[in-house]
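Asks: Structure provided below as structure tokens; questions to follow.
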Amino acid sequence: MSNNVYAFQGYRGLSSAELFLWVSLDQTKRQLGFADLAATATWLLSDNDVPIPGKMKTASEGTSVMSIFLRKVINKRTERRLATITWRSFSAKGFKFVYTRHLGAFVGRWIPVVDLVFLGYDATAIVYRSIQRYNAMVKPEDRIG
């Protein structure tokens with residue numbers, strides 16, 4: 001780490017690490033908006049934390065508030081079985097395909113997957129843009145990558 005000192009939005013005497021922190025926080029503030037709030041809310045509402053008695057042993061435990069709501073709102077059955085993704089833990093091994101004919105269950109199981117993609121894009125964009133902006137502000141010896 002160098003002894004270079006930087007300034008950012010009224011903060012003076014920042015080290016390169018401190019500058020990167022402030023640039024990243026500013027970039028996060030710019031990137032996140034209502035859509036991210038909605039994605040986070042639906043992600044939290046899709047957690048299987050509502051106990052359901054009488055489920056089969058092979059089924060994942062519990063159900064989500066999102067699933068209960070969408071099964072009531074979209075109470076339609078399809079002729080074909082629709083593929084959905086469920087997971088037991090946040091790992092690649094925890095994912096499995098489950099089929100349903102209930103349209104509400106189908107929508108409810110895909111919303112968290114879309115949320116993950118959406119929030120993953122935002123996290124990637126924040127990191128990439130923070131590094132680009134930081135590198136444009138600092139001396140060559142303090143650049144990342």
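Each chain in the structure tokens gets a letter, A, B and so on, in the order shown; residues start at 1 in every chain, and ligands are counted from 1 in the order they appear.
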Which residues are near Lys76 (chain A)? Cut-off 8 Å, only C-alpha atoms, ignore same chain within fewer than 6 positions. Put them as a PyMOL selection string.
Replies: chain A and resi 102-104
Asks: Can those selected residues be exported to a file as a tab-separated table (two decimals), in the first residue's frame so that it contains N, CA, C and O atoms?
Replies:
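Heads up, here's the output in out_24.tsv:
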```
chain	number	residue	atom	x	y	z
A	102	HIS	N	-49.85	-26.05	-10.54
A	102	HIS	CA	-50.49	-24.86	-9.96
A	102	HIS	C	-49.73	-23.62	-10.41
A	102	HIS	O	-48.55	-23.45	-10.10
A	103	LEU	N	-50.41	-22.74	-11.14
A	103	LEU	CA	-49.75	-21.56	-11.69
A	103	LEU	C	-49.23	-20.62	-10.60
A	103	LEU	O	-48.16	-20.03	-10.74
A	104	GLY	N	-49.96	-20.48	-9.50
A	104	GLY	CA	-49.51	-19.64	-8.39
A	104	GLY	C	-48.21	-20.15	-7.79
A	104	GLY	O	-47.31	-19.36	-7.47
```
Asks: Could you pull the residues within 12 Å of Ala17 (chain A), counting only C-alpha atoms, minus those fewer than 3 positions along the same chain, as a list of chain:residue names?
Replies: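 The residues that qualify are A:Met1, A:Ser2, A:Asn3, A:Asn4, A:Val5, A:Tyr6, A:Ala7, A:Gly13, A:Leu14, A:Phe20, A:Leu21, A:Trp22, A:Val23, A:Ser24, A:Ile131, A:Tyr134, A:Asn135, A:Val138, A:Asp142, A:Arg143, A:Ile144.
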Asks: Would you output that residue set with N, CA and C atoms, as a short mmCIF file (atom, residue, chain, number, x, y, z; two decimals), in the first residue's frame?
Replies:
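Below you can see again.cif, which holds the result:
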```cif
data_model
loop_
_atom_site.label_atom_id
_atom_site.label_comp_id
_atom_site.auth_asym_id
_atom_site.auth_seq_id
_atom_site.Cartn_x
_atom_site.Cartn_y
_atom_site.Cartn_z
N MET A 1 0.84 -1.17 0.00
CA MET A 1 0.00 0.00 0.00
C MET A 1 0.89 1.24 0.00
N SER A 2 0.50 2.21 -0.78
CA SER A 2 1.31 3.42 -0.90
C SER A 2 0.94 4.44 0.18
N ASN A 3 1.72 5.50 0.21
CA ASN A 3 1.46 6.58 1.17
C ASN A 3 0.72 7.74 0.51
N ASN A 4 0.15 7.51 -0.68
CA ASN A 4 -0.60 8.55 -1.37
C ASN A 4 -1.85 8.91 -0.57
N VAL A 5 -2.23 10.18 -0.64
CA VAL A 5 -3.39 10.69 0.09
C VAL A 5 -4.36 11.27 -0.92
N TYR A 6 -5.66 11.01 -0.71
CA TYR A 6 -6.68 11.43 -1.66
C TYR A 6 -7.80 12.17 -0.97
N ALA A 7 -8.66 12.82 -1.78
CA ALA A 7 -9.85 13.51 -1.28
C ALA A 7 -11.05 13.03 -2.10
N GLY A 13 -7.50 13.59 3.10
CA GLY A 13 -6.52 12.77 3.80
C GLY A 13 -6.86 11.29 3.79
N LEU A 14 -7.54 10.84 2.73
CA LEU A 14 -7.94 9.44 2.64
C LEU A 14 -6.83 8.57 2.07
N PHE A 20 -11.33 3.89 -1.81
CA PHE A 20 -12.10 2.84 -2.47
C PHE A 20 -13.41 2.57 -1.72
N LEU A 21 -13.37 2.58 -0.41
CA LEU A 21 -14.58 2.38 0.38
C LEU A 21 -15.61 3.46 0.06
N TRP A 22 -15.20 4.73 0.07
CA TRP A 22 -16.14 5.82 -0.20
C TRP A 22 -16.66 5.80 -1.62
N VAL A 23 -15.81 5.46 -2.58
CA VAL A 23 -16.25 5.34 -3.97
C VAL A 23 -17.27 4.21 -4.10
N SER A 24 -17.01 3.08 -3.44
CA SER A 24 -17.94 1.94 -3.50
C SER A 24 -19.28 2.28 -2.86
N ILE A 131 -14.63 -0.01 -9.25
CA ILE A 131 -13.21 -0.19 -9.63
C ILE A 131 -12.85 0.77 -10.76
N TYR A 134 -12.70 4.33 -9.27
CA TYR A 134 -11.55 4.42 -8.37
C TYR A 134 -10.26 4.51 -9.17
N ASN A 135 -10.09 3.64 -10.17
CA ASN A 135 -8.86 3.63 -10.97
C ASN A 135 -8.68 4.94 -11.74
N VAL A 138 -7.10 7.57 -8.96
CA VAL A 138 -5.88 7.36 -8.19
C VAL A 138 -4.65 7.33 -9.08
N ASP A 142 -1.63 2.84 -7.18
CA ASP A 142 -2.75 2.49 -6.30
C ASP A 142 -3.92 1.83 -7.04
N ARG A 143 -3.80 1.66 -8.34
CA ARG A 143 -4.90 1.09 -9.12
C ARG A 143 -5.13 -0.37 -8.81
N ILE A 144 -6.37 -0.78 -9.02
CA ILE A 144 -6.76 -2.19 -8.83
C ILE A 144 -6.78 -2.86 -10.20
#
```
Asks: Could you pull the residues within 10 Å of Asp47 (chain A), counting only C-alpha atoms, minus those fewer than 4 positions along the same chain, as a list in words?
Replies: Thr42, Trp43, Gly62, Thr63, Ser64, Val65, Met66, Ser67 and Pro112 of chain A
Asks: Please, could you write that set of residues out with C-alpha atoms as an mmCIF file, in the first residue's frame?
Replies:
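out.cif was written with the following content:
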```cif
data_model
loop_
_atom_site.group_PDB
_atom_site.id
_atom_site.type_symbol
_atom_site.label_atom_id
_atom_site.label_comp_id
_atom_site.auth_asym_id
_atom_site.auth_seq_id
_atom_site.Cartn_x
_atom_site.Cartn_y
_atom_site.Cartn_z
ATOM 1 C CA THR A 42 -39.904 -10.538 -2.401
ATOM 2 C CA TRP A 43 -36.739 -12.515 -1.664
ATOM 3 C CA GLY A 62 -42.536 -25.219 5.366
ATOM 4 C CA THR A 63 -43.832 -22.768 2.819
ATOM 5 C CA SER A 64 -43.445 -19.054 2.217
ATOM 6 C CA VAL A 65 -45.747 -16.093 2.634
ATOM 7 C CA MET A 66 -45.230 -15.475 -1.093
ATOM 8 C CA SER A 67 -46.383 -18.990 -1.974
ATOM 9 C CA PRO A 112 -36.815 -15.579 -5.921
#
```
Asks: Out of region 16-142 of chain A, which residues get strand (DSSP E or B) from DSSP, as a PyMOL selection string?
Replies: chain A and resi 50+63+77-87+95-102
Asks: From the set A:Glu18, A:Arg12, A:Gln27, A:Asp36, which residue has the shortest atom-to-atom contact distance to Ser130 (chain A), counting only C-alpha atoms?
Replies: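 Of the candidates, the smallest distance to Ser130 (chain A) is held by A:Gln27.
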Asks: Select from chain A everything DSSP, run on the backbone, classes as alpha helix (DSSP H), then give the selection as a PyMOL selection string.
Replies: chain A and resi 16-31+34-45+65-73+103-137
Asks: Could you turn the residues from that selection into a file that holds C-alpha atoms, as a PDB file, in the first residue's frame?
Replies:
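To be explicit, this is the file written out as result.pdb:
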```
ATOM      1  CA  SER A  16      -6.256   4.458  -1.143  1.00  0.00           C
ATOM      2  CA  ALA A  17      -8.284   1.839   0.797  1.00  0.00           C
ATOM      3  CA  GLU A  18     -10.464   4.510   2.403  1.00  0.00           C
ATOM      4  CA  LEU A  19     -10.991   6.159  -0.985  1.00  0.00           C
ATOM      5  CA  PHE A  20     -12.104   2.843  -2.470  1.00  0.00           C
ATOM      6  CA  LEU A  21     -14.584   2.385   0.384  1.00  0.00           C
ATOM      7  CA  TRP A  22     -16.141   5.824  -0.197  1.00  0.00           C
ATOM      8  CA  VAL A  23     -16.248   5.340  -3.973  1.00  0.00           C
ATOM      9  CA  SER A  24     -17.937   1.945  -3.497  1.00  0.00           C
ATOM     10  CA  LEU A  25     -20.518   3.354  -1.077  1.00  0.00           C
ATOM     11  CA  ASP A  26     -21.294   6.202  -3.467  1.00  0.00           C
ATOM     12  CA  GLN A  27     -21.631   3.777  -6.382  1.00  0.00           C
ATOM     13  CA  THR A  28     -23.935   1.555  -4.316  1.00  0.00           C
ATOM     14  CA  LYS A  29     -26.132   4.566  -3.541  1.00  0.00           C
ATOM     15  CA  ARG A  30     -26.300   5.393  -7.263  1.00  0.00           C
ATOM     16  CA  GLN A  31     -27.107   1.811  -8.326  1.00  0.00           C
ATOM     17  CA  PHE A  34     -36.921   0.914  -5.731  1.00  0.00           C
ATOM     18  CA  ALA A  35     -36.515  -2.183  -7.920  1.00  0.00           C
ATOM     19  CA  ASP A  36     -33.787  -3.449  -5.573  1.00  0.00           C
ATOM     20  CA  LEU A  37     -36.005  -2.824  -2.567  1.00  0.00           C
ATOM     21  CA  ALA A  38     -38.804  -4.799  -4.231  1.00  0.00           C
ATOM     22  CA  ALA A  39     -36.427  -7.638  -5.137  1.00  0.00           C
ATOM     23  CA  THR A  40     -35.132  -7.805  -1.567  1.00  0.00           C
ATOM     24  CA  ALA A  41     -38.662  -7.745  -0.128  1.00  0.00           C
ATOM     25  CA  THR A  42     -39.904 -10.538  -2.401  1.00  0.00           C
ATOM     26  CA  TRP A  43     -36.739 -12.515  -1.664  1.00  0.00           C
ATOM     27  CA  LEU A  44     -37.447 -12.295   2.070  1.00  0.00           C
ATOM     28  CA  LEU A  45     -41.130 -13.141   1.566  1.00  0.00           C
ATOM     29  CA  VAL A  65     -45.747 -16.093   2.634  1.00  0.00           C
ATOM     30  CA  MET A  66     -45.230 -15.475  -1.093  1.00  0.00           C
ATOM     31  CA  SER A  67     -46.383 -18.990  -1.974  1.00  0.00           C
ATOM     32  CA  ILE A  68     -49.500 -18.784   0.212  1.00  0.00           C
ATOM     33  CA  PHE A  69     -50.427 -15.406  -1.305  1.00  0.00           C
ATOM     34  CA  LEU A  70     -49.824 -16.375  -4.941  1.00  0.00           C
ATOM     35  CA  ARG A  71     -51.652 -19.697  -4.619  1.00  0.00           C
ATOM     36  CA  LYS A  72     -54.737 -17.740  -3.516  1.00  0.00           C
ATOM     37  CA  VAL A  73     -54.388 -14.907  -6.047  1.00  0.00           C
ATOM     38  CA  LEU A 103     -49.749 -21.558 -11.693  1.00  0.00           C
ATOM     39  CA  GLY A 104     -49.509 -19.637  -8.391  1.00  0.00           C
ATOM     40  CA  ALA A 105     -46.859 -22.057  -7.086  1.00  0.00           C
ATOM     41  CA  PHE A 106     -44.976 -21.769 -10.390  1.00  0.00           C
ATOM     42  CA  VAL A 107     -44.854 -17.964 -10.200  1.00  0.00           C
ATOM     43  CA  GLY A 108     -44.034 -17.997  -6.479  1.00  0.00           C
ATOM     44  CA  ARG A 109     -41.069 -20.333  -6.974  1.00  0.00           C
ATOM     45  CA  TRP A 110     -39.596 -18.385  -9.896  1.00  0.00           C
ATOM     46  CA  ILE A 111     -39.770 -14.921  -8.300  1.00  0.00           C
ATOM     47  CA  PRO A 112     -36.815 -15.579  -5.921  1.00  0.00           C
ATOM     48  CA  VAL A 113     -34.750 -16.928  -8.836  1.00  0.00           C
ATOM     49  CA  VAL A 114     -35.384 -13.739 -10.795  1.00  0.00           C
ATOM     50  CA  ASP A 115     -34.542 -11.747  -7.648  1.00  0.00           C
ATOM     51  CA  LEU A 116     -31.181 -13.524  -7.372  1.00  0.00           C
ATOM     52  CA  VAL A 117     -30.331 -12.705 -10.972  1.00  0.00           C
ATOM     53  CA  PHE A 118     -31.430  -9.092 -10.520  1.00  0.00           C
ATOM     54  CA  LEU A 119     -29.491  -8.552  -7.280  1.00  0.00           C
ATOM     55  CA  GLY A 120     -26.490 -10.447  -8.672  1.00  0.00           C
ATOM     56  CA  TYR A 121     -26.394  -8.084 -11.648  1.00  0.00           C
ATOM     57  CA  ASP A 122     -26.535  -5.081  -9.323  1.00  0.00           C
ATOM     58  CA  ALA A 123     -23.702  -6.405  -7.142  1.00  0.00           C
ATOM     59  CA  THR A 124     -21.558  -7.046 -10.227  1.00  0.00           C
ATOM     60  CA  ALA A 125     -22.320  -3.603 -11.650  1.00  0.00           C
ATOM     61  CA  ILE A 126     -21.479  -1.897  -8.343  1.00  0.00           C
ATOM     62  CA  VAL A 127     -18.108  -3.648  -8.064  1.00  0.00           C
ATOM     63  CA  TYR A 128     -17.190  -3.069 -11.722  1.00  0.00           C
ATOM     64  CA  ARG A 129     -18.178   0.614 -11.737  1.00  0.00           C
ATOM     65  CA  SER A 130     -16.507   1.225  -8.357  1.00  0.00           C
ATOM     66  CA  ILE A 131     -13.213  -0.186  -9.630  1.00  0.00           C
ATOM     67  CA  GLN A 132     -13.448   1.813 -12.870  1.00  0.00           C
ATOM     68  CA  ARG A 133     -14.193   5.057 -11.034  1.00  0.00           C
ATOM     69  CA  TYR A 134     -11.547   4.417  -8.368  1.00  0.00           C
ATOM     70  CA  ASN A 135      -8.862   3.631 -10.973  1.00  0.00           C
ATOM     71  CA  ALA A 136      -9.673   6.863 -12.807  1.00  0.00           C
ATOM     72  CA  MET A 137      -9.083   8.861  -9.594  1.00  0.00           C
TER      73      MET A 137
END
```
Asks: In Å, with one decimal, what is the gap from CA of Lys55 (chain A) to CA of Thr100 (chain A)?
Replies: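 For CA of Lys55 (chain A) relative to CA of Thr100 (chain A), the distance reads 14.8 Å.
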Asks: Figure out the distance between CA of Pro53 (chain A) and CA of Ala83 (chain A), please, to one decimal in Å.
Replies: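 Taking CA of Ala83 (chain A) and CA of Pro53 (chain A), their separation equals 24.0 Å.
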